[in-house]
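Below is the file upload-v2.cif, which contains mmCIF, C-alpha atoms.
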data_structure
#
loop_
_atom_site.group_PDB
_atom_site.id
_atom_site.type_symbol
_atom_site.label_atom_id
_atom_site.label_comp_id
_atom_site.auth_asym_id
_atom_site.auth_seq_id
_atom_site.Cartn_x
_atom_site.Cartn_y
_atom_site.Cartn_z
ATOM 1 C CA MET A 19 9.124 -8.541 9.765
ATOM 2 C CA ASN A 20 10.402 -5.103 10.792
ATOM 3 C CA VAL A 21 6.931 -3.591 10.814
ATOM 4 C CA ALA A 22 8.175 -0.187 11.991
ATOM 5 C CA ILE A 23 10.380 0.350 8.934
ATOM 6 C CA GLY A 24 7.532 -0.721 6.661
ATOM 7 C CA LYS A 25 5.185 1.815 8.257
ATOM 8 C CA ILE A 26 7.823 4.538 7.997
ATOM 9 C CA LYS A 27 8.216 3.783 4.287
ATOM 10 C CA GLN A 28 4.465 4.044 3.778
ATOM 11 C CA LEU A 29 4.284 7.316 5.722
ATOM 12 C CA LEU A 30 7.174 8.670 3.659
ATOM 13 C CA CYS A 31 5.296 7.724 0.505
ATOM 14 C CA LEU A 32 2.147 9.449 1.766
ATOM 15 C CA ALA A 33 4.075 12.581 2.770
ATOM 16 C CA GLY A 34 5.702 12.721 -0.660
ATOM 17 C CA ASP A 35 2.349 12.410 -2.424
ATOM 18 C CA ILE A 36 0.896 15.246 -0.339
ATOM 19 C CA ALA A 37 3.934 17.406 -1.086
ATOM 20 C CA MET A 38 3.535 16.748 -4.824
ATOM 21 C CA PHE A 39 -0.136 17.763 -4.691
ATOM 22 C CA TYR A 40 0.566 21.140 -3.107
ATOM 23 C CA LEU A 41 3.662 21.729 -5.212
ATOM 24 C CA ALA A 42 1.526 21.163 -8.305
ATOM 25 C CA LEU A 43 -1.063 23.646 -7.014
ATOM 26 C CA PHE A 44 1.631 26.225 -6.259
ATOM 27 C CA LEU A 45 3.184 25.870 -9.719
ATOM 28 C CA THR A 46 -0.239 26.125 -11.348
ATOM 29 C CA LEU A 47 -1.113 29.344 -9.534
ATOM 30 C CA ALA A 48 2.359 30.804 -10.052
ATOM 31 C CA ILE A 49 2.198 30.109 -13.790
ATOM 32 C CA ARG A 50 -1.322 31.454 -14.249
ATOM 33 C CA TYR A 51 -1.401 34.393 -11.834
ATOM 34 C CA GLY A 52 2.217 35.405 -11.319
ATOM 35 C CA VAL A 53 2.680 37.702 -8.324
ATOM 36 C CA ASP A 54 -0.993 37.309 -7.389
ATOM 37 C CA TRP A 55 -0.504 33.625 -6.570
ATOM 38 C CA GLN A 56 -0.745 34.167 -2.795
ATOM 39 C CA ARG A 57 -4.286 35.542 -2.964
ATOM 40 C CA GLN A 58 -5.279 32.769 -5.330
ATOM 41 C CA TRP A 59 -3.702 30.230 -2.973
ATOM 42 C CA GLN A 60 -6.076 31.304 -0.201
ATOM 43 C CA ILE A 61 -9.033 30.891 -2.554
ATOM 44 C CA HIS A 62 -8.006 27.517 -3.944
ATOM 45 C CA PHE A 63 -6.486 25.934 -0.838
ATOM 46 C CA LEU A 64 -9.629 24.522 0.824
ATOM 47 C CA PRO A 65 -11.427 23.064 -2.224
ATOM 48 C CA PHE A 66 -8.222 21.595 -3.604
ATOM 49 C CA THR A 67 -7.370 20.140 -0.200
ATOM 50 C CA ILE A 68 -10.698 18.293 -0.259
ATOM 51 C CA ILE A 69 -9.886 17.016 -3.748
ATOM 52 C CA TYR A 70 -6.415 15.929 -2.681
ATOM 53 C CA PHE A 71 -7.816 14.104 0.328
ATOM 54 C CA SER A 72 -10.245 12.172 -1.868
ATOM 55 C CA SER A 73 -7.386 11.369 -4.252
ATOM 56 C CA LEU A 74 -5.306 9.976 -1.394
ATOM 57 C CA ILE A 75 -8.211 7.734 -0.439
ATOM 58 C CA VAL A 76 -8.372 6.517 -4.039
ATOM 59 C CA PHE A 77 -4.637 5.817 -3.984
ATOM 60 C CA TYR A 78 -5.036 3.868 -0.750
ATOM 61 C CA ILE A 79 -7.950 1.758 -1.974
ATOM 62 C CA ILE A 80 -6.274 0.965 -5.289
ATOM 63 C CA GLY A 81 -3.140 -0.123 -3.431
ATOM 64 C CA LEU A 82 -0.570 2.548 -4.196
ATOM 65 C CA TYR A 83 0.612 2.431 -0.579
ATOM 66 C CA ASP A 84 1.176 -1.304 -0.670
ATOM 67 C CA LEU A 85 4.940 -1.824 -0.658
ATOM 68 C CA SER A 86 4.640 -4.959 -2.769
ATOM 69 C CA LEU A 87 3.405 -2.728 -5.606
ATOM 70 C CA ALA A 88 6.275 -0.236 -5.292
ATOM 71 C CA ARG A 89 8.186 -1.419 -8.338
ATOM 72 C CA ASN A 90 8.946 0.497 -11.523
ATOM 73 C CA ASN A 91 7.175 -1.926 -13.825
ATOM 74 C CA LEU A 92 4.234 -1.849 -16.227
ATOM 75 C CA PHE A 93 1.681 -3.020 -13.656
ATOM 76 C CA PHE A 94 2.647 -0.245 -11.250
ATOM 77 C CA PHE A 95 2.306 2.480 -13.878
ATOM 78 C CA MET A 96 -1.014 1.057 -15.089
ATOM 79 C CA THR A 97 -2.315 1.150 -11.513
ATOM 80 C CA LEU A 98 -0.962 4.662 -11.067
ATOM 81 C CA THR A 99 -2.682 5.835 -14.261
ATOM 82 C CA GLN A 100 -5.954 4.284 -13.143
ATOM 83 C CA ALA A 101 -5.732 6.102 -9.807
ATOM 84 C CA LEU A 102 -5.057 9.440 -11.509
ATOM 85 C CA VAL A 103 -7.991 9.050 -13.901
ATOM 86 C CA ILE A 104 -10.395 8.246 -11.052
ATOM 87 C CA SER A 105 -9.064 11.203 -9.057
ATOM 88 C CA VAL A 106 -9.632 13.607 -11.949
ATOM 89 C CA ILE A 107 -13.190 12.335 -12.438
ATOM 90 C CA LEU A 108 -13.942 12.805 -8.738
ATOM 91 C CA ALA A 109 -12.460 16.311 -8.831
ATOM 92 C CA VAL A 110 -14.636 17.301 -11.796
ATOM 93 C CA LEU A 111 -17.740 15.896 -10.095
ATOM 94 C CA PHE A 112 -16.846 17.723 -6.904
ATOM 95 C CA PHE A 113 -16.732 21.165 -8.517
ATOM 96 C CA TYR A 114 -19.780 20.410 -10.671
ATOM 97 C CA PHE A 115 -22.096 19.264 -7.880
ATOM 98 C CA ILE A 116 -20.691 21.338 -5.007
ATOM 99 C CA PRO A 117 -20.307 24.881 -6.407
ATOM 100 C CA TYR A 118 -20.034 26.529 -3.002
ATOM 101 C CA PHE A 119 -16.468 27.820 -3.122
ATOM 102 C CA GLY A 120 -17.006 30.688 -5.533
ATOM 103 C CA ILE A 121 -14.663 29.223 -8.142
ATOM 104 C CA ALA A 122 -15.027 26.943 -11.145
ATOM 105 C CA PRO A 123 -11.367 26.177 -11.781
ATOM 106 C CA LYS A 124 -11.605 24.209 -14.999
ATOM 107 C CA THR A 125 -8.249 25.358 -16.341
ATOM 108 C CA ASN A 126 -6.561 25.354 -12.943
ATOM 109 C CA LEU A 127 -7.846 21.874 -12.221
ATOM 110 C CA PHE A 128 -6.604 20.532 -15.532
ATOM 111 C CA VAL A 129 -3.209 22.241 -15.297
ATOM 112 C CA SER A 130 -2.665 21.247 -11.662
ATOM 113 C CA PHE A 131 -3.451 17.588 -12.325
ATOM 114 C CA LEU A 132 -1.258 17.642 -15.413
ATOM 115 C CA ILE A 133 1.651 19.050 -13.406
ATOM 116 C CA PHE A 134 0.897 16.697 -10.531
ATOM 117 C CA SER A 135 0.904 13.681 -12.848
ATOM 118 C CA VAL A 136 4.424 14.531 -14.004
ATOM 119 C CA LEU A 137 5.663 15.245 -10.477
ATOM 120 C CA PHE A 138 3.902 12.168 -9.119
ATOM 121 C CA VAL A 139 5.469 9.797 -11.638
ATOM 122 C CA LEU A 140 8.941 11.248 -11.042
ATOM 123 C CA TRP A 141 8.496 11.137 -7.260
ATOM 124 C CA ARG A 142 7.233 7.566 -7.239
ATOM 125 C CA GLN A 143 10.066 6.417 -9.512
ATOM 126 C CA PHE A 144 12.563 7.944 -7.100
ATOM 127 C CA TYR A 145 10.720 6.530 -4.088
ATOM 128 C CA ASN A 146 10.555 3.022 -5.549
ATOM 129 C CA GLN A 147 14.307 3.085 -6.053
ATOM 130 C CA PHE A 148 15.043 4.674 -2.688
ATOM 131 C CA ILE A 149 13.215 2.099 -0.560
ATOM 132 C CA LYS A 150 15.350 -0.644 -2.111
ATOM 133 C CA SER A 151 18.460 0.944 -0.625
ATOM 134 C CA SER A 152 20.668 -1.527 1.234
ATOM 135 C CA ALA A 153 20.719 0.818 4.232
ATOM 136 C CA LEU A 154 16.991 0.205 4.724
ATOM 137 C CA LEU A 155 17.116 -3.568 4.365
ATOM 138 C CA ASN A 156 16.441 -5.920 7.255
ATOM 139 C CA ASN A 157 19.064 -8.685 7.316
ATOM 140 C CA VAL A 158 17.451 -12.085 7.761
ATOM 141 C CA LEU A 159 18.936 -15.383 8.904
ATOM 142 C CA ILE A 160 16.956 -18.526 8.079
ATOM 143 C CA LEU A 161 17.510 -21.621 10.182
ATOM 144 C CA GLY A 162 16.549 -24.631 8.093
ATOM 145 C CA GLN A 163 15.839 -25.134 4.434
ATOM 146 C CA ASP A 164 13.069 -26.711 2.378
ATOM 147 C CA GLN A 165 11.045 -25.911 -0.743
ATOM 148 C CA GLU A 166 9.078 -23.136 0.949
ATOM 149 C CA THR A 167 12.303 -21.569 2.160
ATOM 150 C CA LYS A 168 13.591 -21.499 -1.411
ATOM 151 C CA GLU A 169 10.342 -19.896 -2.585
ATOM 152 C CA LEU A 170 10.617 -17.284 0.163
ATOM 153 C CA ILE A 171 14.236 -16.485 -0.707
ATOM 154 C CA GLN A 172 13.331 -15.991 -4.362
ATOM 155 C CA TYR A 173 10.338 -13.824 -3.486
ATOM 156 C CA VAL A 174 12.386 -11.588 -1.184
ATOM 157 C CA LYS A 175 15.093 -11.316 -3.839
ATOM 158 C CA ASN A 176 12.538 -10.217 -6.440
ATOM 159 C CA ASN A 177 10.900 -7.707 -4.082
ATOM 160 C CA PRO A 178 13.649 -5.712 -2.338
ATOM 161 C CA GLN A 179 11.194 -2.861 -1.773
ATOM 162 C CA LEU A 180 9.672 -4.943 1.027
ATOM 163 C CA GLY A 181 12.807 -4.199 3.024
ATOM 164 C CA HIS A 182 14.319 -7.640 3.615
ATOM 165 C CA HIS A 183 17.573 -9.268 2.624
ATOM 166 C CA ILE A 184 18.231 -12.964 3.184
ATOM 167 C CA LYS A 185 21.785 -12.694 4.469
ATOM 168 C CA LYS A 186 22.379 -16.314 5.381
ATOM 169 C CA VAL A 187 20.639 -19.693 5.312
ATOM 170 C CA LEU A 188 21.689 -22.611 7.490
ATOM 171 C CA ALA A 189 20.810 -26.119 6.364
ATOM 172 C CA PRO A 190 19.059 -28.456 8.859
ATOM 173 C CA GLU A 191 22.342 -30.289 9.505
ATOM 174 C CA GLU A 192 24.061 -27.019 10.377
ATOM 175 C CA VAL A 193 21.201 -26.032 12.680
ATOM 176 C CA ARG A 194 21.499 -29.274 14.652
ATOM 177 C CA LEU A 195 25.224 -28.692 15.201
ATOM 178 C CA LEU A 196 24.827 -24.982 15.859
ATOM 179 C CA ASN A 197 26.767 -23.571 18.808
ATOM 180 C CA ASP A 198 27.770 -20.097 17.658
ATOM 181 C CA LEU A 199 24.472 -18.483 16.634
ATOM 182 C CA ILE A 200 25.234 -15.263 18.483
ATOM 183 C CA ASP A 201 28.552 -14.913 16.643
ATOM 184 C CA ILE A 202 26.839 -15.393 13.277
ATOM 185 C CA ILE A 203 24.208 -12.786 14.129
ATOM 186 C CA ILE A 204 26.805 -10.228 15.184
ATOM 187 C CA LYS A 205 29.083 -10.903 12.218
ATOM 188 C CA GLU A 206 26.312 -10.809 9.602
ATOM 189 C CA LYS A 207 24.430 -7.957 11.344
ATOM 190 C CA ILE A 208 21.276 -10.048 11.495
ATOM 191 C CA GLN A 209 18.078 -8.362 12.658
ATOM 192 C CA THR A 210 15.561 -11.154 12.096
ATOM 193 C CA VAL A 211 15.914 -14.900 12.623
ATOM 194 C CA VAL A 212 13.412 -17.127 10.840
ATOM 195 C CA ILE A 213 13.115 -20.702 12.091
ATOM 196 C CA ASP A 214 12.045 -23.393 9.652
ATOM 197 C CA ALA A 215 11.745 -26.047 12.342
ATOM 198 C CA ASP A 216 10.083 -26.713 15.658
ATOM 199 C CA PRO A 217 12.460 -25.178 18.232
ATOM 200 C CA HIS A 218 10.748 -27.097 21.042
ATOM 201 C CA LYS A 219 12.321 -30.278 19.707
ATOM 202 C CA ASP A 220 15.833 -28.850 19.638
ATOM 203 C CA LYS A 221 17.191 -27.850 23.051
ATOM 204 C CA ASN A 222 20.470 -26.749 21.514
ATOM 205 C CA LEU A 223 18.660 -24.285 19.246
ATOM 206 C CA ILE A 224 16.656 -22.919 22.176
ATOM 207 C CA GLN A 225 19.847 -22.323 24.156
ATOM 208 C CA ASN A 226 21.405 -20.525 21.206
ATOM 209 C CA LEU A 227 18.340 -18.313 20.856
ATOM 210 C CA TYR A 228 18.387 -17.466 24.565
ATOM 211 C CA GLN A 229 21.986 -16.336 24.244
ATOM 212 C CA CYS A 230 20.855 -13.862 21.589
ATOM 213 C CA LEU A 231 18.260 -12.132 23.780
ATOM 214 C CA PRO A 232 20.549 -9.155 24.583
ATOM 215 C CA LEU A 233 20.813 -8.437 20.842
ATOM 216 C CA LYS A 234 17.063 -7.693 20.684
ATOM 217 C CA ILE A 235 16.609 -9.495 17.393
ATOM 218 C CA ILE A 236 13.234 -10.550 15.996
ATOM 219 C CA VAL A 237 12.559 -14.288 16.010
ATOM 220 C CA ALA A 238 9.788 -15.695 13.831
ATOM 221 C CA ASP A 239 8.694 -19.079 12.583
ATOM 222 C CA LEU A 240 8.765 -19.637 8.830
ATOM 223 C CA PRO A 241 4.968 -19.852 8.240
ATOM 224 C CA THR A 242 4.374 -16.507 9.983
ATOM 225 C CA PHE A 243 7.221 -14.768 8.172
ATOM 226 C CA TYR A 244 6.232 -16.341 4.847
ATOM 227 C CA GLU A 245 2.644 -15.131 5.173
ATOM 228 C CA LYS A 246 3.732 -11.666 6.310
ATOM 229 C CA ILE A 247 6.018 -11.196 3.317
ATOM 230 C CA THR A 248 4.123 -12.900 0.503
ATOM 231 C CA GLY A 249 0.560 -12.532 1.733
ATOM 232 C CA LYS A 250 0.148 -16.275 1.230
ATOM 233 C CA ILE A 251 -0.008 -19.143 3.670
ATOM 234 C CA PRO A 252 2.585 -21.888 3.169
ATOM 235 C CA VAL A 253 1.067 -25.283 2.470
ATOM 236 C CA SER A 254 2.923 -26.868 5.376
ATOM 237 C CA ALA A 255 1.170 -24.537 7.823
ATOM 238 C CA ILE A 256 -2.347 -25.502 6.763
ATOM 239 C CA GLY A 257 -3.722 -28.127 9.078
ATOM 240 C CA GLU A 258 -6.534 -28.722 11.537
ATOM 241 C CA ILE A 259 -5.101 -26.286 14.092
ATOM 242 C CA TRP A 260 -4.753 -23.586 11.444
ATOM 243 C CA PHE A 261 -8.404 -23.954 10.445
ATOM 244 C CA LEU A 262 -9.515 -23.788 14.069
ATOM 245 C CA GLN A 263 -7.472 -20.657 14.732
ATOM 246 C CA ASN A 264 -8.645 -18.825 11.621
ATOM 247 C CA LEU A 265 -12.247 -19.941 11.226
ATOM 248 C CA MET A 266 -13.097 -19.293 14.871
ATOM 249 C CA ASN A 267 -11.591 -15.813 14.813
ATOM 250 C CA ASP A 268 -14.319 -13.559 13.447
ATOM 251 C CA GLN A 269 -12.732 -10.269 14.468
ATOM 252 C CA LYS A 270 -11.971 -8.055 11.531
ATOM 253 C CA THR A 271 -8.643 -6.355 11.285
ATOM 254 C CA LEU A 272 -8.325 -2.583 11.402
ATOM 255 C CA PHE A 273 -7.377 -2.545 7.740
ATOM 256 C CA LYS A 274 -10.531 -4.375 6.672
ATOM 257 C CA GLY A 275 -12.650 -2.092 8.803
ATOM 258 C CA ILE A 276 -11.146 1.060 7.326
ATOM 259 C CA LYS A 277 -11.410 -0.323 3.803
ATOM 260 C CA ARG A 278 -15.078 -1.154 4.361
ATOM 261 C CA ILE A 279 -15.768 2.402 5.525
ATOM 262 C CA MET A 280 -13.977 3.782 2.479
ATOM 263 C CA ASP A 281 -15.993 1.509 0.183
ATOM 264 C CA ILE A 282 -19.234 2.819 1.668
ATOM 265 C CA LEU A 283 -18.126 6.458 1.454
ATOM 266 C CA PHE A 284 -17.110 6.086 -2.169
ATOM 267 C CA GLY A 285 -20.342 4.263 -2.930
ATOM 268 C CA ILE A 286 -22.256 7.235 -1.552
ATOM 269 C CA LEU A 287 -19.986 9.749 -3.283
ATOM 270 C CA LEU A 288 -20.288 8.094 -6.681
ATOM 271 C CA GLY A 289 -23.925 7.123 -6.204
ATOM 272 C CA ALA A 290 -25.136 10.647 -5.390
ATOM 273 C CA PRO A 291 -24.436 12.078 -8.877
ATOM 274 C CA THR A 292 -26.130 9.045 -10.422
ATOM 275 C CA LEU A 293 -29.166 9.564 -8.205
ATOM 276 C CA ILE A 294 -29.383 13.210 -9.248
ATOM 277 C CA LEU A 295 -29.289 12.264 -12.926
ATOM 278 C CA THR A 296 -31.877 9.475 -12.573
ATOM 279 C CA PRO A 297 -34.993 11.695 -13.108
ATOM 280 C CA LEU A 298 -33.440 13.192 -16.244
ATOM 281 C CA ILE A 299 -32.550 9.754 -17.585
ATOM 282 C CA ALA A 300 -36.072 8.512 -16.833
ATOM 283 C CA LEU A 301 -37.568 11.494 -18.678
ATOM 284 C CA LEU A 302 -35.363 10.906 -21.719
ATOM 285 C CA ILE A 303 -36.343 7.235 -21.790
ATOM 286 C CA LYS A 304 -40.023 8.173 -21.617
ATOM 287 C CA ILE A 305 -39.667 10.678 -24.459
ATOM 288 C CA ASP A 306 -37.666 8.346 -26.677
ATOM 289 C CA SER A 307 -39.429 5.042 -25.980
ATOM 290 C CA ARG A 308 -43.006 3.818 -25.615
ATOM 291 C CA GLY A 309 -42.036 1.190 -23.097
ATOM 292 C CA PRO A 310 -41.775 1.531 -19.328
ATOM 293 C CA ILE A 311 -38.844 3.246 -17.652
ATOM 294 C CA PHE A 312 -38.008 0.167 -15.591
ATOM 295 C CA TYR A 313 -37.695 -3.151 -17.364
ATOM 296 C CA ARG A 314 -39.121 -6.095 -15.475
ATOM 297 C CA GLN A 315 -38.657 -9.678 -16.575
ATOM 298 C CA LYS A 316 -41.472 -12.105 -15.863
#
In structure tokens, how does this file's structure come out?
Amino acid sequence: MNVAIGKIKQLLCLAGDIAMFYLALFLTLAIRYGVDWQRQWQIHFLPFTIIYFSSLIVFYIIGLYDLSLARNNLFFFMTLTQALVISVILAVLFFYFIPYFGIAPKTNLFVSFLIFSVLFVLWRQFYNQFIKSSALLNNVLILGQDQETKELIQYVKNNPQLGHHIKKVLAPEEVRLLNDLIDIIIKEKIQTVVIDADPHKDKNLIQNLYQCLPLKIIVADLPTFYEKITGKIPVSAIGEIWFLQNLMNDQKTLFKGIKRIMDILFGILLGAPTLILTPLIALLIKIDSRGPIFYRQK
């Protein structure tokens, strides 16, 4: 669960990306202008900041700040490449359609994105390894065991970047006879306890959990933890109550709201150049073809 650590990791990732953008700009100006880089920095700072901001939005929409994607594998680098290509296209369109900054930095734009691409890949490789550090892992104790528990354990093992480590699993028989939960938590340095059972039916388990209150651990049921980690709902949790709770709740989350706004903004941003080119395209069609500009099927 440990939402705070997850948010810190994402903020660290964002801060690193921003640092790489401006480092790339600095290196570009230093290489091209030498001692005059400071004056050029003042000229380039605002337009490039706008470009960098749009690039960060692209990264966010594509999912580069999703911790589940933070793995040094082929899919991650394909996604990263896609994000960079879209960012470059947006940057070119920006300077082409908004020439109000007194510069047309074709070479600077190309060089800065080339340098940024190298820095970005190196930074993200380091970051992806860093967030898997054992010092950042949240030790988890699971009370109970079934097929979904095994799936969860395997998923957490394959995705250490999510920040969890299954330290210990107690079988149902051990849970029923449990009388030293607080000792286990202290010994294993447990931060989260996941319960794969109904604690209301086990007074002994409830008493053990109450004894652990001073430790300020996180206690979660398996379906909630499973969904939080994997993004999927365990089959055992899907029932009539689940449908009532989810189908009757029509409030959108903050994430969905922000994503919707970003979708609209990008639709406008990408649609504007197309709208500008529409008259030219219509004219070319009229010159080249006898038929109508708009095709209508009867």
### Message
With all atoms listed in the file as the counted atoms, please give the residues lying no more than 12 Å from stretch 244-248 of chain A, apart from itself and same-chain residues fewer than 4 positions off, as a ChimeraX atom specification.
### Response
/A:19-21,24,84-87,160,166-183,212-214,238-240,252-256
Dump as a compact mmCIF listing (two decimals), keeping the file's coordinate frame, selection limited to C-alpha atoms:
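Contents of part-v5.txt, freshly written:
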# COMPACT_ATOMS: atom_id res chain seq x y z
CA MET A 19 9.12 -8.54 9.76
CA ASN A 20 10.40 -5.10 10.79
CA VAL A 21 6.93 -3.59 10.81
CA GLY A 24 7.53 -0.72 6.66
CA ASP A 84 1.18 -1.30 -0.67
CA LEU A 85 4.94 -1.82 -0.66
CA SER A 86 4.64 -4.96 -2.77
CA LEU A 87 3.40 -2.73 -5.61
CA ILE A 160 16.96 -18.53 8.08
CA GLU A 166 9.08 -23.14 0.95
CA THR A 167 12.30 -21.57 2.16
CA LYS A 168 13.59 -21.50 -1.41
CA GLU A 169 10.34 -19.90 -2.58
CA LEU A 170 10.62 -17.28 0.16
CA ILE A 171 14.24 -16.48 -0.71
CA GLN A 172 13.33 -15.99 -4.36
CA TYR A 173 10.34 -13.82 -3.49
CA VAL A 174 12.39 -11.59 -1.18
CA LYS A 175 15.09 -11.32 -3.84
CA ASN A 176 12.54 -10.22 -6.44
CA ASN A 177 10.90 -7.71 -4.08
CA PRO A 178 13.65 -5.71 -2.34
CA GLN A 179 11.19 -2.86 -1.77
CA LEU A 180 9.67 -4.94 1.03
CA GLY A 181 12.81 -4.20 3.02
CA HIS A 182 14.32 -7.64 3.62
CA HIS A 183 17.57 -9.27 2.62
CA VAL A 212 13.41 -17.13 10.84
CA ILE A 213 13.12 -20.70 12.09
CA ASP A 214 12.04 -23.39 9.65
CA ALA A 238 9.79 -15.70 13.83
CA ASP A 239 8.69 -19.08 12.58
CA LEU A 240 8.76 -19.64 8.83
CA PRO A 252 2.58 -21.89 3.17
CA VAL A 253 1.07 -25.28 2.47
CA SER A 254 2.92 -26.87 5.38
CA ALA A 255 1.17 -24.54 7.82
CA ILE A 256 -2.35 -25.50 6.76
### Query
Do you know which residues are at most 10 Å from A:Asn197 counting all atoms listed in the file, after dropping those on the same chain fewer than 6 positions away, and could you put them as a list in words?
Asn222, Leu223, Gln225 and Asn226 of chain A
### Long-range neighbours of A:Ala33 as a ChimeraX atom specification, 12 Å cut-off, all atoms listed in the file, 5 positions minimum in chain
/A:26-28,38-40,74,83,138,141-142,145
### Task
Would you mind telling me which residue in A:Ile202, A:Asp220, A:Asn146, A:Ile276 lies nearest to A:Ala88 when using all atoms listed in the file?
A:Asn146
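Our summary of the geometry notes that atom CA of A:Pro190 is positioned 15.7 Å from atom CA of A:Leu227.
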### Task
Mind checking which residues fall within 12 Å of A:Cys230, counting all atoms listed in the file, ignoring those fewer than 2 positions away in the same chain, and posting them as a ChimeraX atom specification?
/A:197-204,208-211,223-228,232-237
#### Entry: Shortest interatomic distance to A:Ile104 - which of A:Leu92, A:Leu283, A:Val76, A:Ala153, counting all atoms listed in the file
A:Val76
### Query
For the atom pair atom CA of A:Val158 and atom CA of A:Val193, what is the interatomic distance in Å to one decimal place?
15.3 Å
### Query
atom CA of A:Gly34 and atom CA of A:Ile149, how far apart in Å?
13.0 Å
### Query
Which one of A:Glu206, A:Ser130, A:Leu196, A:Ser151 sits closest to A:Ala48 if you count all atoms listed in the file?
A:Ser130
Pick out the residues sitting within 12 Å of A:Arg50, and hand them over as a PDB file with C-alpha atoms, keeping the file's coordinate frame; count all atoms listed in the file, and ignore anything fewer than 2 positions along from it in its own chain.
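Output file part_16.pdb follows:
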ATOM      1  CA  LEU A  43      -1.063  23.646  -7.014  1.00  0.00           C
ATOM      2  CA  PHE A  44       1.631  26.225  -6.259  1.00  0.00           C
ATOM      3  CA  LEU A  45       3.184  25.870  -9.719  1.00  0.00           C
ATOM      4  CA  THR A  46      -0.239  26.125 -11.348  1.00  0.00           C
ATOM      5  CA  LEU A  47      -1.113  29.344  -9.534  1.00  0.00           C
ATOM      6  CA  ALA A  48       2.359  30.804 -10.052  1.00  0.00           C
ATOM      7  CA  GLY A  52       2.217  35.405 -11.319  1.00  0.00           C
ATOM      8  CA  VAL A  53       2.680  37.702  -8.324  1.00  0.00           C
ATOM      9  CA  ASP A  54      -0.993  37.309  -7.389  1.00  0.00           C
ATOM     10  CA  TRP A  55      -0.504  33.625  -6.570  1.00  0.00           C
ATOM     11  CA  GLN A  56      -0.745  34.167  -2.795  1.00  0.00           C
ATOM     12  CA  GLN A  58      -5.279  32.769  -5.330  1.00  0.00           C
ATOM     13  CA  TRP A  59      -3.702  30.230  -2.973  1.00  0.00           C
ATOM     14  CA  PRO A 123     -11.367  26.177 -11.781  1.00  0.00           C
ATOM     15  CA  THR A 125      -8.249  25.358 -16.341  1.00  0.00           C
ATOM     16  CA  ASN A 126      -6.561  25.354 -12.943  1.00  0.00           C
ATOM     17  CA  LEU A 127      -7.846  21.874 -12.221  1.00  0.00           C
ATOM     18  CA  VAL A 129      -3.209  22.241 -15.297  1.00  0.00           C
ATOM     19  CA  SER A 130      -2.665  21.247 -11.662  1.00  0.00           C
TER      20      SER A 130
END
Expected answer as a compact mmCIF listing (two decimals) with C-alpha atoms, in the frame of the given file: all residues with atoms within 12 Å of (-15.0, 7.3, -1.8), only C-alpha atoms:
# COMPACT_ATOMS: atom_id res chain seq x y z
CA ILE A 68 -10.70 18.29 -0.26
CA ILE A 69 -9.89 17.02 -3.75
CA PHE A 71 -7.82 14.10 0.33
CA SER A 72 -10.24 12.17 -1.87
CA SER A 73 -7.39 11.37 -4.25
CA LEU A 74 -5.31 9.98 -1.39
CA ILE A 75 -8.21 7.73 -0.44
CA VAL A 76 -8.37 6.52 -4.04
CA PHE A 77 -4.64 5.82 -3.98
CA TYR A 78 -5.04 3.87 -0.75
CA ILE A 79 -7.95 1.76 -1.97
CA ILE A 80 -6.27 0.96 -5.29
CA ILE A 104 -10.40 8.25 -11.05
CA SER A 105 -9.06 11.20 -9.06
CA ILE A 107 -13.19 12.34 -12.44
CA LEU A 108 -13.94 12.80 -8.74
CA ALA A 109 -12.46 16.31 -8.83
CA PHE A 112 -16.85 17.72 -6.90
CA ILE A 276 -11.15 1.06 7.33
CA LYS A 277 -11.41 -0.32 3.80
CA ARG A 278 -15.08 -1.15 4.36
CA ILE A 279 -15.77 2.40 5.52
CA MET A 280 -13.98 3.78 2.48
CA ASP A 281 -15.99 1.51 0.18
CA ILE A 282 -19.23 2.82 1.67
CA LEU A 283 -18.13 6.46 1.45
CA PHE A 284 -17.11 6.09 -2.17
CA GLY A 285 -20.34 4.26 -2.93
CA ILE A 286 -22.26 7.24 -1.55
CA LEU A 287 -19.99 9.75 -3.28
CA LEU A 288 -20.29 8.09 -6.68
CA GLY A 289 -23.92 7.12 -6.20
CA ALA A 290 -25.14 10.65 -5.39
### Using all atoms listed in the file: which of A:Leu102, A:Ile133, A:Phe113, A:Asn91 has the shortest distance to A:Pro65
A:Phe113
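Minimum atom-to-atom distances from A:Lys250, A:Lys205, A:Lys219, A:Lys124 to A:Lys185 were compared using only C-alpha atoms, and the lowest value belongs to A:Lys205.
Compared by their closest atoms to A:Lys207, and using only C-alpha atoms, the residues A:Leu132, A:Ile61, A:Leu155, A:Leu161 rank with A:Leu155 nearest.
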